[in-house]
$ cat run-v4.cif   # mmCIF, C-alpha atoms and all ligand atoms
data_final
#
loop_
_atom_site.label_atom_id
_atom_site.label_comp_id
_atom_site.auth_asym_id
_atom_site.auth_seq_id
_atom_site.Cartn_x
_atom_site.Cartn_y
_atom_site.Cartn_z
CA MET A 1 30.36 13.00 -58.75
CA PRO A 2 33.85 11.45 -58.85
CA SER A 3 33.90 7.73 -58.17
CA PHE A 4 36.56 5.27 -57.16
CA LEU A 5 34.79 2.96 -59.57
CA SER A 6 36.06 5.05 -62.49
CA GLY A 7 39.78 4.92 -61.60
CA GLY A 8 42.46 2.33 -62.36
CA ILE A 9 45.02 2.95 -65.06
CA MET A 10 46.53 -0.33 -66.18
CA SER A 11 50.27 -0.87 -66.45
CA GLU A 12 51.68 -2.28 -69.68
CA THR A 13 52.21 -6.00 -68.98
CA GLU A 14 49.83 -8.45 -70.66
CA ASN A 15 48.99 -10.56 -67.62
CA ALA A 16 48.13 -9.23 -64.20
CA VAL A 17 49.55 -12.41 -62.64
CA SER A 18 51.83 -15.18 -63.95
CA VAL A 19 52.83 -18.16 -61.84
CA ARG A 20 55.19 -20.93 -62.94
CA ASN A 21 56.02 -24.18 -61.14
CA LEU A 22 55.18 -22.81 -57.71
CA ASN A 23 55.78 -25.05 -54.69
CA PHE A 24 55.12 -24.21 -51.07
CA SER A 25 55.12 -26.13 -47.77
CA TYR A 26 54.65 -25.12 -44.16
CA GLY A 27 57.47 -27.23 -42.71
CA ALA A 28 56.63 -30.84 -43.54
CA THR A 29 53.08 -29.94 -44.72
CA GLU A 30 52.98 -29.62 -48.47
CA VAL A 31 50.36 -26.97 -49.32
CA LEU A 32 50.88 -26.14 -53.02
CA ARG A 33 52.48 -28.40 -55.62
CA ASN A 34 53.82 -27.38 -59.02
CA ILE A 35 51.28 -24.67 -59.73
CA SER A 36 51.32 -22.72 -63.01
CA PHE A 37 48.65 -20.30 -64.24
CA ASP A 38 48.07 -16.80 -65.59
CA ILE A 39 45.46 -14.20 -64.73
CA LYS A 40 44.83 -11.76 -67.55
CA LYS A 41 44.13 -8.12 -66.89
CA ARG A 42 40.44 -7.43 -66.23
CA GLU A 43 39.72 -11.05 -65.35
CA PHE A 44 37.35 -11.69 -62.44
CA LEU A 45 38.79 -14.91 -61.07
CA ALA A 46 36.85 -16.91 -58.49
CA VAL A 47 39.15 -19.19 -56.46
CA ILE A 48 37.33 -22.18 -54.99
CA GLY A 49 38.44 -25.40 -53.29
CA PRO A 50 38.13 -27.43 -50.10
CA ASN A 51 38.97 -26.14 -46.60
CA GLY A 52 42.72 -26.28 -46.15
CA GLY A 53 43.24 -26.62 -49.93
CA GLY A 54 45.73 -23.75 -50.00
CA LYS A 55 43.66 -20.80 -51.27
CA SER A 56 44.71 -18.28 -48.60
CA THR A 57 48.29 -19.49 -48.81
CA LEU A 58 48.26 -18.88 -52.56
CA LEU A 59 47.01 -15.31 -52.05
CA LYS A 60 49.74 -14.68 -49.47
CA LEU A 61 52.37 -15.92 -51.92
CA LEU A 62 50.98 -13.64 -54.65
CA LEU A 63 51.11 -10.73 -52.22
CA GLY A 64 54.69 -11.48 -51.15
CA ILE A 65 53.66 -12.14 -47.53
CA LEU A 66 55.03 -15.69 -47.95
CA LYS A 67 58.00 -16.77 -50.10
CA PRO A 68 57.78 -19.79 -52.43
CA ASP A 69 60.02 -22.81 -51.84
CA SER A 70 60.53 -22.81 -55.60
CA GLY A 71 58.94 -21.36 -58.73
CA GLU A 72 58.29 -17.93 -60.22
CA ILE A 73 55.59 -15.37 -59.49
CA ASN A 74 55.11 -12.23 -61.51
CA ILE A 75 52.61 -9.55 -60.45
CA LEU A 76 51.92 -6.69 -62.88
CA GLY A 77 55.38 -7.32 -64.32
CA HIS A 78 57.20 -7.35 -60.97
CA LYS A 79 58.13 -9.58 -58.05
CA PRO A 80 55.45 -10.04 -55.33
CA GLY A 81 55.63 -7.47 -52.56
CA THR A 82 57.24 -4.82 -54.76
CA VAL A 83 54.13 -3.47 -56.48
CA LYS A 84 52.08 -0.81 -54.72
CA LYS A 85 48.90 -0.79 -56.77
CA ILE A 86 47.53 -3.95 -55.21
CA GLY A 87 44.62 -4.19 -52.80
CA TYR A 88 44.12 -7.02 -50.31
CA VAL A 89 41.11 -7.80 -48.18
CA PRO A 90 42.08 -10.57 -45.72
CA GLN A 91 39.88 -13.35 -44.36
CA ASN A 92 38.23 -13.55 -40.92
CA VAL A 93 38.41 -10.11 -39.50
CA THR A 94 37.55 -11.20 -35.99
CA SER A 95 39.15 -8.40 -33.98
CA GLY A 96 39.76 -4.69 -34.30
CA GLY A 97 43.42 -5.23 -33.45
CA GLY A 98 43.21 -3.25 -30.20
CA PHE A 99 44.41 -0.07 -31.91
CA PRO A 100 42.61 3.19 -31.17
CA VAL A 101 42.21 3.98 -34.86
CA THR A 102 39.03 5.10 -36.55
CA VAL A 103 37.47 3.72 -39.73
CA GLU A 104 38.50 6.90 -41.55
CA ASP A 105 42.13 6.48 -40.42
CA VAL A 106 42.25 2.85 -41.55
CA ALA A 107 41.02 3.76 -45.03
CA LEU A 108 43.41 6.72 -45.20
CA MET A 109 46.32 4.47 -44.21
CA GLY A 110 45.42 2.22 -47.14
CA ARG A 111 45.65 5.19 -49.48
CA MET A 112 48.95 6.46 -48.05
CA LEU A 113 50.52 2.98 -48.20
CA THR A 114 50.20 2.92 -51.96
CA ARG A 115 50.72 6.62 -52.63
CA GLY A 116 53.27 7.65 -49.98
CA GLY A 117 53.94 11.25 -48.96
CA PHE A 118 51.84 13.41 -46.68
CA THR A 119 48.07 13.29 -46.48
CA LYS A 120 46.47 15.96 -48.63
CA GLN A 121 42.90 17.22 -48.60
CA SER A 122 42.43 15.39 -51.93
CA ASP A 123 43.34 12.11 -50.16
CA ARG A 124 40.77 12.79 -47.45
CA ASP A 125 38.16 13.61 -50.09
CA TYR A 126 38.91 10.39 -51.95
CA VAL A 127 38.62 8.31 -48.79
CA ARG A 128 35.32 9.98 -47.92
CA MET A 129 34.01 9.08 -51.37
CA VAL A 130 35.09 5.42 -50.95
CA LEU A 131 33.34 5.25 -47.56
CA GLU A 132 30.22 6.69 -49.15
CA GLN A 133 30.21 4.14 -51.95
CA LEU A 134 30.61 1.31 -49.45
CA GLN A 135 27.87 2.91 -47.31
CA ILE A 136 29.97 3.18 -44.16
CA THR A 137 30.12 6.95 -43.80
CA ASP A 138 27.98 6.71 -40.67
CA ILE A 139 30.72 4.74 -38.88
CA ALA A 140 33.66 6.84 -40.17
CA LYS A 141 34.51 8.16 -36.70
CA LYS A 142 34.07 4.83 -34.90
CA ARG A 143 37.01 2.79 -33.66
CA MET A 144 37.73 -0.54 -35.32
CA ASP A 145 37.32 -2.28 -31.94
CA ASP A 146 33.71 -1.11 -31.73
CA LEU A 147 32.57 -2.61 -35.04
CA SER A 148 30.84 -5.84 -36.02
CA GLY A 149 32.71 -8.39 -38.15
CA GLY A 150 30.73 -7.38 -41.24
CA GLN A 151 31.46 -3.69 -40.68
CA ARG A 152 35.17 -4.42 -40.26
CA GLN A 153 35.18 -6.38 -43.47
CA ARG A 154 33.75 -3.40 -45.35
CA VAL A 155 36.33 -1.09 -43.72
CA LEU A 156 39.14 -3.37 -44.92
CA MET A 157 37.59 -3.26 -48.36
CA ALA A 158 37.60 0.54 -48.12
CA ARG A 159 41.28 0.41 -47.10
CA ALA A 160 42.08 -1.67 -50.18
CA LEU A 161 40.05 0.50 -52.56
CA ALA A 162 41.34 3.79 -51.15
CA GLY A 163 44.73 3.00 -52.72
CA GLU A 164 43.16 2.88 -56.23
CA PRO A 165 44.50 -0.63 -56.95
CA GLU A 166 44.96 -2.11 -60.42
CA LEU A 167 44.56 -5.59 -58.95
CA ILE A 168 42.58 -6.59 -55.89
CA PHE A 169 42.70 -9.86 -53.93
CA LEU A 170 39.81 -10.65 -51.60
CA ASP A 171 39.73 -13.66 -49.26
CA GLU A 172 36.09 -14.53 -48.51
CA PRO A 173 35.01 -10.86 -48.54
CA ALA A 174 31.37 -11.61 -47.80
CA SER A 175 31.80 -14.20 -45.06
CA ASN A 176 30.67 -11.93 -42.18
CA VAL A 177 28.15 -9.96 -44.18
CA ASP A 178 24.36 -10.32 -44.51
CA MET A 179 22.74 -11.05 -47.88
CA GLU A 180 22.13 -7.39 -48.73
CA GLY A 181 25.74 -6.54 -47.82
CA GLN A 182 27.02 -9.44 -49.92
CA THR A 183 25.11 -8.28 -52.97
CA ARG A 184 26.44 -4.76 -52.47
CA ILE A 185 30.04 -6.00 -52.20
CA TYR A 186 29.80 -8.12 -55.33
CA ASP A 187 28.04 -5.37 -57.28
CA ILE A 188 30.91 -3.03 -56.38
CA LEU A 189 33.47 -5.65 -57.41
CA ALA A 190 31.67 -6.17 -60.73
CA LYS A 191 31.76 -2.42 -61.39
CA LEU A 192 35.45 -2.26 -60.40
CA ASN A 193 36.13 -5.17 -62.72
CA GLU A 194 35.30 -2.93 -65.69
CA LYS A 195 38.72 -1.33 -65.00
CA ILE A 196 40.76 -3.62 -62.75
CA THR A 197 41.56 -7.28 -62.15
CA VAL A 198 39.63 -8.98 -59.35
CA VAL A 199 40.62 -12.22 -57.59
CA VAL A 200 38.12 -13.51 -55.01
CA VAL A 201 38.42 -16.59 -52.81
CA SER A 202 34.87 -17.75 -52.13
CA HIS A 203 32.98 -20.76 -50.90
CA ASP A 204 29.82 -19.35 -52.44
CA LEU A 205 29.66 -20.82 -55.93
CA THR A 206 26.65 -18.70 -56.87
CA ILE A 207 28.93 -15.70 -57.44
CA ILE A 208 30.51 -17.54 -60.38
CA PRO A 209 27.80 -17.23 -63.04
CA LYS A 210 26.91 -13.72 -61.93
CA PHE A 211 30.34 -12.12 -61.60
CA ALA A 212 33.33 -14.32 -62.47
CA THR A 213 34.98 -14.59 -65.86
CA SER A 214 37.17 -17.53 -64.80
CA VAL A 215 37.43 -20.12 -62.03
CA ALA A 216 40.42 -21.76 -60.33
CA CYS A 217 40.10 -24.73 -58.02
CA VAL A 218 42.91 -25.07 -55.47
CA SER A 219 43.48 -28.34 -53.65
CA THR A 220 47.28 -28.67 -53.36
CA THR A 221 47.31 -28.49 -57.16
CA LEU A 222 45.45 -25.84 -59.16
CA HIS A 223 43.06 -26.26 -62.07
CA LYS A 224 41.96 -23.12 -63.87
CA HIS A 225 39.18 -22.66 -66.41
CA ASP A 226 39.00 -19.48 -68.44
CA GLU A 227 35.22 -19.57 -68.32
CA ALA A 228 32.77 -18.90 -65.51
CA GLU A 229 31.83 -22.50 -64.92
CA VAL A 230 32.52 -25.19 -62.39
CA THR A 231 33.30 -28.51 -64.00
CA PRO A 232 32.67 -31.95 -62.48
CA ASP A 233 36.47 -32.21 -61.98
CA MET A 234 36.42 -29.10 -59.82
CA MET A 235 33.46 -30.39 -57.82
CA HIS A 236 35.37 -33.60 -57.26
CA MET A 237 38.48 -31.68 -56.17
CA SER A 238 36.50 -29.39 -53.88
CA TYR A 239 33.94 -31.68 -52.35
CA GLY A 240 35.16 -35.22 -52.92
CA ALA A 241 34.06 -38.19 -54.94
CA ASP A 242 30.47 -38.17 -53.63
CA ALA A 243 30.01 -34.45 -54.15
CA HIS A 244 26.46 -33.22 -54.40
CA CYS A 245 25.49 -29.61 -54.89
CA PRO A 246 26.80 -27.43 -52.07
CA VAL A 247 24.03 -25.88 -49.98
CA GLU A 248 24.79 -22.36 -51.17
CA LEU A 249 23.91 -23.26 -54.73
CA VAL A 250 20.36 -24.03 -53.71
CA ALA A 251 19.98 -21.57 -50.83
CA HIS A 252 20.69 -18.54 -53.01
CA GLY A 253 18.09 -19.54 -55.52
CA HIS A 254 20.37 -20.50 -58.39
CA PRO A 255 20.32 -24.27 -58.27
CA HIS A 256 22.88 -25.97 -60.49
CA ARG A 257 23.42 -22.97 -62.75
CA VAL A 258 27.19 -22.97 -62.40
CA LEU A 259 27.59 -26.63 -63.15
CA LYS A 260 28.59 -27.49 -66.68
CA GLU A 261 27.34 -30.99 -66.14
CA HIS A 262 25.49 -32.35 -63.15
CA LYS A 263 24.82 -35.98 -62.38
N1 LIG B 301 50.83 -20.45 -40.62
C1 LIG B 301 50.66 -21.74 -40.89
N2 LIG B 301 51.51 -22.67 -40.36
C2 LIG B 301 51.36 -23.98 -40.65
N3 LIG B 301 50.38 -24.48 -41.43
C3 LIG B 301 49.50 -23.61 -41.96
C4 LIG B 301 49.58 -22.20 -41.72
N4 LIG B 301 48.59 -21.58 -42.39
C5 LIG B 301 47.90 -22.56 -43.01
N5 LIG B 301 48.44 -23.77 -42.76
C6 LIG B 301 47.99 -25.06 -43.31
O1 LIG B 301 48.13 -24.99 -44.72
C7 LIG B 301 47.05 -25.62 -45.37
C8 LIG B 301 46.38 -24.64 -46.32
O2 LIG B 301 45.77 -23.61 -45.56
P1 LIG B 301 45.02 -22.38 -46.26
O3 LIG B 301 44.57 -21.47 -45.17
O4 LIG B 301 45.87 -21.82 -47.33
O5 LIG B 301 43.79 -23.13 -46.95
P2 LIG B 301 42.43 -22.52 -47.50
O6 LIG B 301 42.16 -23.22 -48.79
O7 LIG B 301 42.51 -21.03 -47.56
O8 LIG B 301 41.41 -23.01 -46.39
P3 LIG B 301 39.99 -22.38 -45.92
O9 LIG B 301 39.04 -22.55 -47.05
O10 LIG B 301 39.62 -23.24 -44.76
O11 LIG B 301 40.23 -20.94 -45.56
C9 LIG B 301 46.15 -26.15 -44.26
O12 LIG B 301 46.49 -27.51 -44.04
C10 LIG B 301 46.51 -25.31 -43.07
O13 LIG B 301 46.30 -26.02 -41.88
#
$ encode --input "run-v4.cif" --output "structure tokens" --more "lines below"
Ligand SMILES: Nc1ncnc2c1ncn2[C@@H]1O[C@H](COP(=O)(O)OP(=O)(O)OP(=O)(O)O)[C@@H](O)[C@H]1O
Amino acid sequence: MPSFLSGGIMSETENAVSVRNLNFSYGATEVLRNISFDIKKREFLAVIGPNGGGKSTLLKLLLGILKPDSGEINILGHKPGTVKKIGYVPQNVTSGGGFPVTVEDVALMGRMLTRGGFTKQSDRDYVRMVLEQLQITDIAKKRMDDLSGGQRQRVLMARALAGEPELIFLDEPASNVDMEGQTRIYDILAKLNEKITVVVVSHDLTIIPKFATSVACVSTTLHKHDEAEVTPDMMHMSYGADAHCPVELVAHGHPHRVLKEHK
């Protein structure tokens, strides 16, 4: 059976993402200061950091939704917003948007956004296969307004994957999803990561040892480690000077595993 997990032809640039001296403020609120980092192709980067640290803002800059105050961003060899083969799953999908569109239509729109032209039967077949792999075929004809938050999140993931991206950004993709759904999402991302670059913002540090190949901590500045480990510096940046293990580390049954050093 064909699978969207087997697609993804990489373009020729060495890095999927390169950022140099990036600065961004919302008015007088400085959000990101002098950030430089690279994401290599086929990395699985986990982006962590405190609430309000600038993680979502960074993703929006990489996607070209926001413009930097200064600095350079290169995505698959191009300027942000000009590359089609990028998937994005946004955070907090709290409403269906009030549009009378079905799940199938949303996923198909994702495919047509990156591929252009008219919808062919092959596009419909591909979308059906993506829905199957995400186990949402049963809701294909439902309207977005009639879905739970977790279902909507999976539909937006389907929309991103339907475009056969080379690089996918996900902002807390499992936040509205139960444990079984979370495992399914991360298993799919791990499989996708055999072919494409994955960047996931997550508060759940337990994904790091299981899935990530690198970790970046964003708290106005950015510290990146090209290994799947959270250092004491990152803990300090994310959770403050008196940081103890976050609840998720214990609750998911992997206490302390991601910590290089724990005091
Ligand atoms: N549209 C906006 N206008 C003004 N300020 C904003 C806007 N969006 C975000 N901010 C502010 O920018 C800062 C960074 O927000 P951002 O959402 O990027 O952080 P985050 O790390 O993704 O947070 P969280 O983990 O809570 O999702 C915060 O202080 C936030 O209040």
$ closest_atom_pairs --input "run-v4.cif" --of "chain A" --to "ligand LIG 301 (chain B)" --cutoff "12 Å" --atoms "all atoms listed in the file" --output "tab-separated table"
residue	atom	partner	partner_atom	distance
A:Phe24	CA	B:LIG301	O1	9.5
A:Ser25	CA	B:LIG301	O1	7.7
A:Tyr26	CA	B:LIG301	C2	4.9
A:Gly27	CA	B:LIG301	C2	7.2
A:Ala28	CA	B:LIG301	C2	9.1
A:Thr29	CA	B:LIG301	N3	6.9
A:Glu30	CA	B:LIG301	O1	7.7
A:Val31	CA	B:LIG301	C7	5.3
A:Leu32	CA	B:LIG301	C8	8.2
A:Arg33	CA	B:LIG301	C8	11.7
A:Val47	CA	B:LIG301	O6	9.2
A:Ile48	CA	B:LIG301	O6	7.9
A:Gly49	CA	B:LIG301	O6	6.2
A:Pro50	CA	B:LIG301	O9	5.8
A:Asn51	CA	B:LIG301	O10	3.5
A:Gly52	CA	B:LIG301	O5	3.4
A:Gly53	CA	B:LIG301	O6	3.7
A:Gly54	CA	B:LIG301	O4	3.3
A:Lys55	CA	B:LIG301	O6	3.8
A:Ser56	CA	B:LIG301	O7	3.7
A:Thr57	CA	B:LIG301	O4	3.7
A:Leu58	CA	B:LIG301	O4	6.5
A:Leu59	CA	B:LIG301	O4	8.1
A:Lys60	CA	B:LIG301	O4	8.4
A:Leu61	CA	B:LIG301	O4	9.9
A:Ile65	CA	B:LIG301	N1	11.2
A:Leu66	CA	B:LIG301	N1	9.7
A:Pro90	CA	B:LIG301	O11	10.5
A:Gln91	CA	B:LIG301	O11	7.7
A:Asn92	CA	B:LIG301	O11	9.0
A:Leu170	CA	B:LIG301	O7	11.5
A:Asp171	CA	B:LIG301	O7	8.1
A:Glu172	CA	B:LIG301	O11	8.2
A:Pro173	CA	B:LIG301	O11	11.7
A:Ser175	CA	B:LIG301	O11	10.8
A:Val200	CA	B:LIG301	O7	11.5
A:Val201	CA	B:LIG301	O7	8.0
A:Ser202	CA	B:LIG301	O9	8.1
A:His203	CA	B:LIG301	O9	7.4
A:Asp204	CA	B:LIG301	O9	11.1
A:Ala216	CA	B:LIG301	O6	11.8
A:Cys217	CA	B:LIG301	O6	9.6
A:Val218	CA	B:LIG301	O6	7.0
A:Ser219	CA	B:LIG301	O6	7.2
A:Thr220	CA	B:LIG301	C8	8.2
A:Thr221	CA	B:LIG301	O6	11.2
A:Leu222	CA	B:LIG301	O6	11.2
A:Met237	CA	B:LIG301	O6	11.8
A:Ser238	CA	B:LIG301	O6	9.8
A:Tyr239	CA	B:LIG301	O9	11.7
$ atom_distance --input "run-v4.cif" --atom1 "CA of Met235 in chain A" --atom2 "CA of Glu43 in chain A"
21.7 Å
$ closest_atom_pairs --input "run-v4.cif" --of "range 179-204 of chain A" --to "range 138-152 of chain A" --cutoff "12 Å" --atoms "all atoms listed in the file" --output "Markdown table"
| residue | atom | partner | partner_atom | distance |
| --- | --- | --- | --- | --- |
| A:Met179 | CA | A:Gly150 | CA | 11.0 |
| A:Glu180 | CA | A:Gly150 | CA | 11.4 |
| A:Gly181 | CA | A:Gly150 | CA | 8.3 |
| A:Gln182 | CA | A:Gly150 | CA | 9.7 |
| A:Ile185 | CA | A:Gly150 | CA | 11.1 |
$ atom_distance --input "run-v4.cif" --atom1 "CA of Arg20 in chain A" --atom2 "CA of Gly81 in chain A"
17.0 Å
$ closest_residue --input "run-v4.cif" --among "A:His236, A:Leu167, A:Met112, A:Leu189" --to "Lys40 in chain A" --atoms "all atoms listed in the file"
A:Leu167
$ atom_distance --input "run-v4.cif" --atom1 "CA of Tyr186 in chain A" --atom2 "CA of Pro232 in chain A"
25.0 Å
$ residues_near_point --input "run-v4.cif" --point "(52.2, -3.7, -54.9)" --cutoff "12 Å" --atoms "all atoms listed in the file" --output "MDAnalysis selection string"
chainID A and resid 16:17 62:65 74:88 110 113:115 160 163:169
$ residues_near_point --input "run-v4.cif" --point "(32.8, -12.8, -61.3)" --cutoff "7 Å" --atoms "all atoms listed in the file" --output "list in words"
Phe44, Leu45, Ala46, Ala190, Ile207, Ile208, Pro209, Lys210, Phe211, Ala212 and Thr213 of chain A
$ write_last_selection --input "run-v4.cif" --atoms "C-alpha atoms" --output "PDB file, in the coordinates of the input"
ATOM      1  CA  PHE A  44      37.350 -11.690 -62.440  1.00  0.00           C
ATOM      2  CA  LEU A  45      38.790 -14.910 -61.070  1.00  0.00           C
ATOM      3  CA  ALA A  46      36.850 -16.910 -58.490  1.00  0.00           C
ATOM      4  CA  ALA A 190      31.670  -6.170 -60.730  1.00  0.00           C
ATOM      5  CA  ILE A 207      28.930 -15.700 -57.440  1.00  0.00           C
ATOM      6  CA  ILE A 208      30.510 -17.540 -60.380  1.00  0.00           C
ATOM      7  CA  PRO A 209      27.800 -17.230 -63.040  1.00  0.00           C
ATOM      8  CA  LYS A 210      26.910 -13.720 -61.930  1.00  0.00           C
ATOM      9  CA  PHE A 211      30.340 -12.120 -61.600  1.00  0.00           C
ATOM     10  CA  ALA A 212      33.330 -14.320 -62.470  1.00  0.00           C
ATOM     11  CA  THR A 213      34.980 -14.590 -65.860  1.00  0.00           C
TER      12      THR A 213
END
$ closest_residue --input "run-v4.cif" --among "A:Asp187, A:Asn176, A:Val106, A:Gln121" --to "Gln133 in chain A" --atoms "only C-alpha atoms"
A:Asp187
$ residues_around --input "run-v4.cif" --residues "Thr137 in chain A" --least-positions-apart "6" --cutoff "10 Å" --atoms "all atoms listed in the file" --output "JSON, numbers by chain"
{"A": [103, 104, 127, 128, 129, 130, 131]}
$ build_atoms --input "run-v4.cif" --residues "range 33-48 of chain A" --atoms "N, CA, C and O atoms" --output "PDB file, in the frame of the given file"
ATOM      1  N   ARG A  33      51.526 -27.584 -54.862  1.00  0.00           N
ATOM      2  CA  ARG A  33      52.480 -28.400 -55.620  1.00  0.00           C
ATOM      3  C   ARG A  33      52.459 -28.039 -57.108  1.00  0.00           C
ATOM      4  O   ARG A  33      51.412 -28.132 -57.762  1.00  0.00           O
ATOM      5  N   ASN A  34      53.589 -27.584 -57.581  1.00  0.00           N
ATOM      6  CA  ASN A  34      53.820 -27.380 -59.020  1.00  0.00           C
ATOM      7  C   ASN A  34      52.677 -26.640 -59.718  1.00  0.00           C
ATOM      8  O   ASN A  34      52.098 -27.138 -60.677  1.00  0.00           O
ATOM      9  N   ILE A  35      52.412 -25.453 -59.218  1.00  0.00           N
ATOM     10  CA  ILE A  35      51.280 -24.670 -59.730  1.00  0.00           C
ATOM     11  C   ILE A  35      51.751 -23.681 -60.797  1.00  0.00           C
ATOM     12  O   ILE A  35      52.717 -22.950 -60.591  1.00  0.00           O
ATOM     13  N   SER A  36      51.053 -23.689 -61.930  1.00  0.00           N
ATOM     14  CA  SER A  36      51.320 -22.720 -63.010  1.00  0.00           C
ATOM     15  C   SER A  36      49.987 -22.204 -63.524  1.00  0.00           C
ATOM     16  O   SER A  36      49.080 -22.988 -63.801  1.00  0.00           O
ATOM     17  N   PHE A  37      49.856 -20.893 -63.639  1.00  0.00           N
ATOM     18  CA  PHE A  37      48.650 -20.300 -64.240  1.00  0.00           C
ATOM     19  C   PHE A  37      48.897 -18.813 -64.504  1.00  0.00           C
ATOM     20  O   PHE A  37      49.834 -18.226 -63.964  1.00  0.00           O
ATOM     21  N   ASP A  38      48.038 -18.241 -65.340  1.00  0.00           N
ATOM     22  CA  ASP A  38      48.070 -16.800 -65.590  1.00  0.00           C
ATOM     23  C   ASP A  38      46.707 -16.207 -65.260  1.00  0.00           C
ATOM     24  O   ASP A  38      45.685 -16.889 -65.388  1.00  0.00           O
ATOM     25  N   ILE A  39      46.717 -14.948 -64.853  1.00  0.00           N
ATOM     26  CA  ILE A  39      45.460 -14.200 -64.730  1.00  0.00           C
ATOM     27  C   ILE A  39      45.605 -12.978 -65.632  1.00  0.00           C
ATOM     28  O   ILE A  39      46.518 -12.154 -65.442  1.00  0.00           O
ATOM     29  N   LYS A  40      44.747 -12.894 -66.616  1.00  0.00           N
ATOM     30  CA  LYS A  40      44.830 -11.760 -67.550  1.00  0.00           C
ATOM     31  C   LYS A  40      44.261 -10.504 -66.887  1.00  0.00           C
ATOM     32  O   LYS A  40      43.448 -10.579 -65.969  1.00  0.00           O
ATOM     33  N   LYS A  41      44.701  -9.373 -67.392  1.00  0.00           N
ATOM     34  CA  LYS A  41      44.130  -8.120 -66.890  1.00  0.00           C
ATOM     35  C   LYS A  41      42.629  -8.097 -67.147  1.00  0.00           C
ATOM     36  O   LYS A  41      42.157  -8.565 -68.173  1.00  0.00           O
ATOM     37  N   ARG A  42      41.896  -7.568 -66.195  1.00  0.00           N
ATOM     38  CA  ARG A  42      40.440  -7.430 -66.230  1.00  0.00           C
ATOM     39  C   ARG A  42      39.719  -8.778 -66.102  1.00  0.00           C
ATOM     40  O   ARG A  42      38.504  -8.841 -66.301  1.00  0.00           O
ATOM     41  N   GLU A  43      40.432  -9.826 -65.721  1.00  0.00           N
ATOM     42  CA  GLU A  43      39.720 -11.050 -65.350  1.00  0.00           C
ATOM     43  C   GLU A  43      39.037 -10.833 -64.007  1.00  0.00           C
ATOM     44  O   GLU A  43      39.504 -10.024 -63.175  1.00  0.00           O
ATOM     45  N   PHE A  44      37.974 -11.579 -63.767  1.00  0.00           N
ATOM     46  CA  PHE A  44      37.350 -11.690 -62.440  1.00  0.00           C
ATOM     47  C   PHE A  44      37.460 -13.165 -62.109  1.00  0.00           C
ATOM     48  O   PHE A  44      36.666 -13.979 -62.566  1.00  0.00           O
ATOM     49  N   LEU A  45      38.507 -13.500 -61.353  1.00  0.00           N
ATOM     50  CA  LEU A  45      38.790 -14.910 -61.070  1.00  0.00           C
ATOM     51  C   LEU A  45      38.194 -15.303 -59.718  1.00  0.00           C
ATOM     52  O   LEU A  45      38.495 -14.692 -58.691  1.00  0.00           O
ATOM     53  N   ALA A  46      37.363 -16.327 -59.735  1.00  0.00           N
ATOM     54  CA  ALA A  46      36.850 -16.910 -58.490  1.00  0.00           C
ATOM     55  C   ALA A  46      37.743 -18.089 -58.128  1.00  0.00           C
ATOM     56  O   ALA A  46      37.952 -18.978 -58.944  1.00  0.00           O
ATOM     57  N   VAL A  47      38.296 -18.086 -56.910  1.00  0.00           N
ATOM     58  CA  VAL A  47      39.150 -19.190 -56.460  1.00  0.00           C
ATOM     59  C   VAL A  47      38.341 -20.021 -55.470  1.00  0.00           C
ATOM     60  O   VAL A  47      37.898 -19.525 -54.434  1.00  0.00           O
ATOM     61  N   ILE A  48      38.113 -21.276 -55.837  1.00  0.00           N
ATOM     62  CA  ILE A  48      37.330 -22.180 -54.990  1.00  0.00           C
ATOM     63  C   ILE A  48      38.218 -23.359 -54.572  1.00  0.00           C
ATOM     64  O   ILE A  48      39.357 -23.478 -55.036  1.00  0.00           O
TER      65      ILE A  48
END
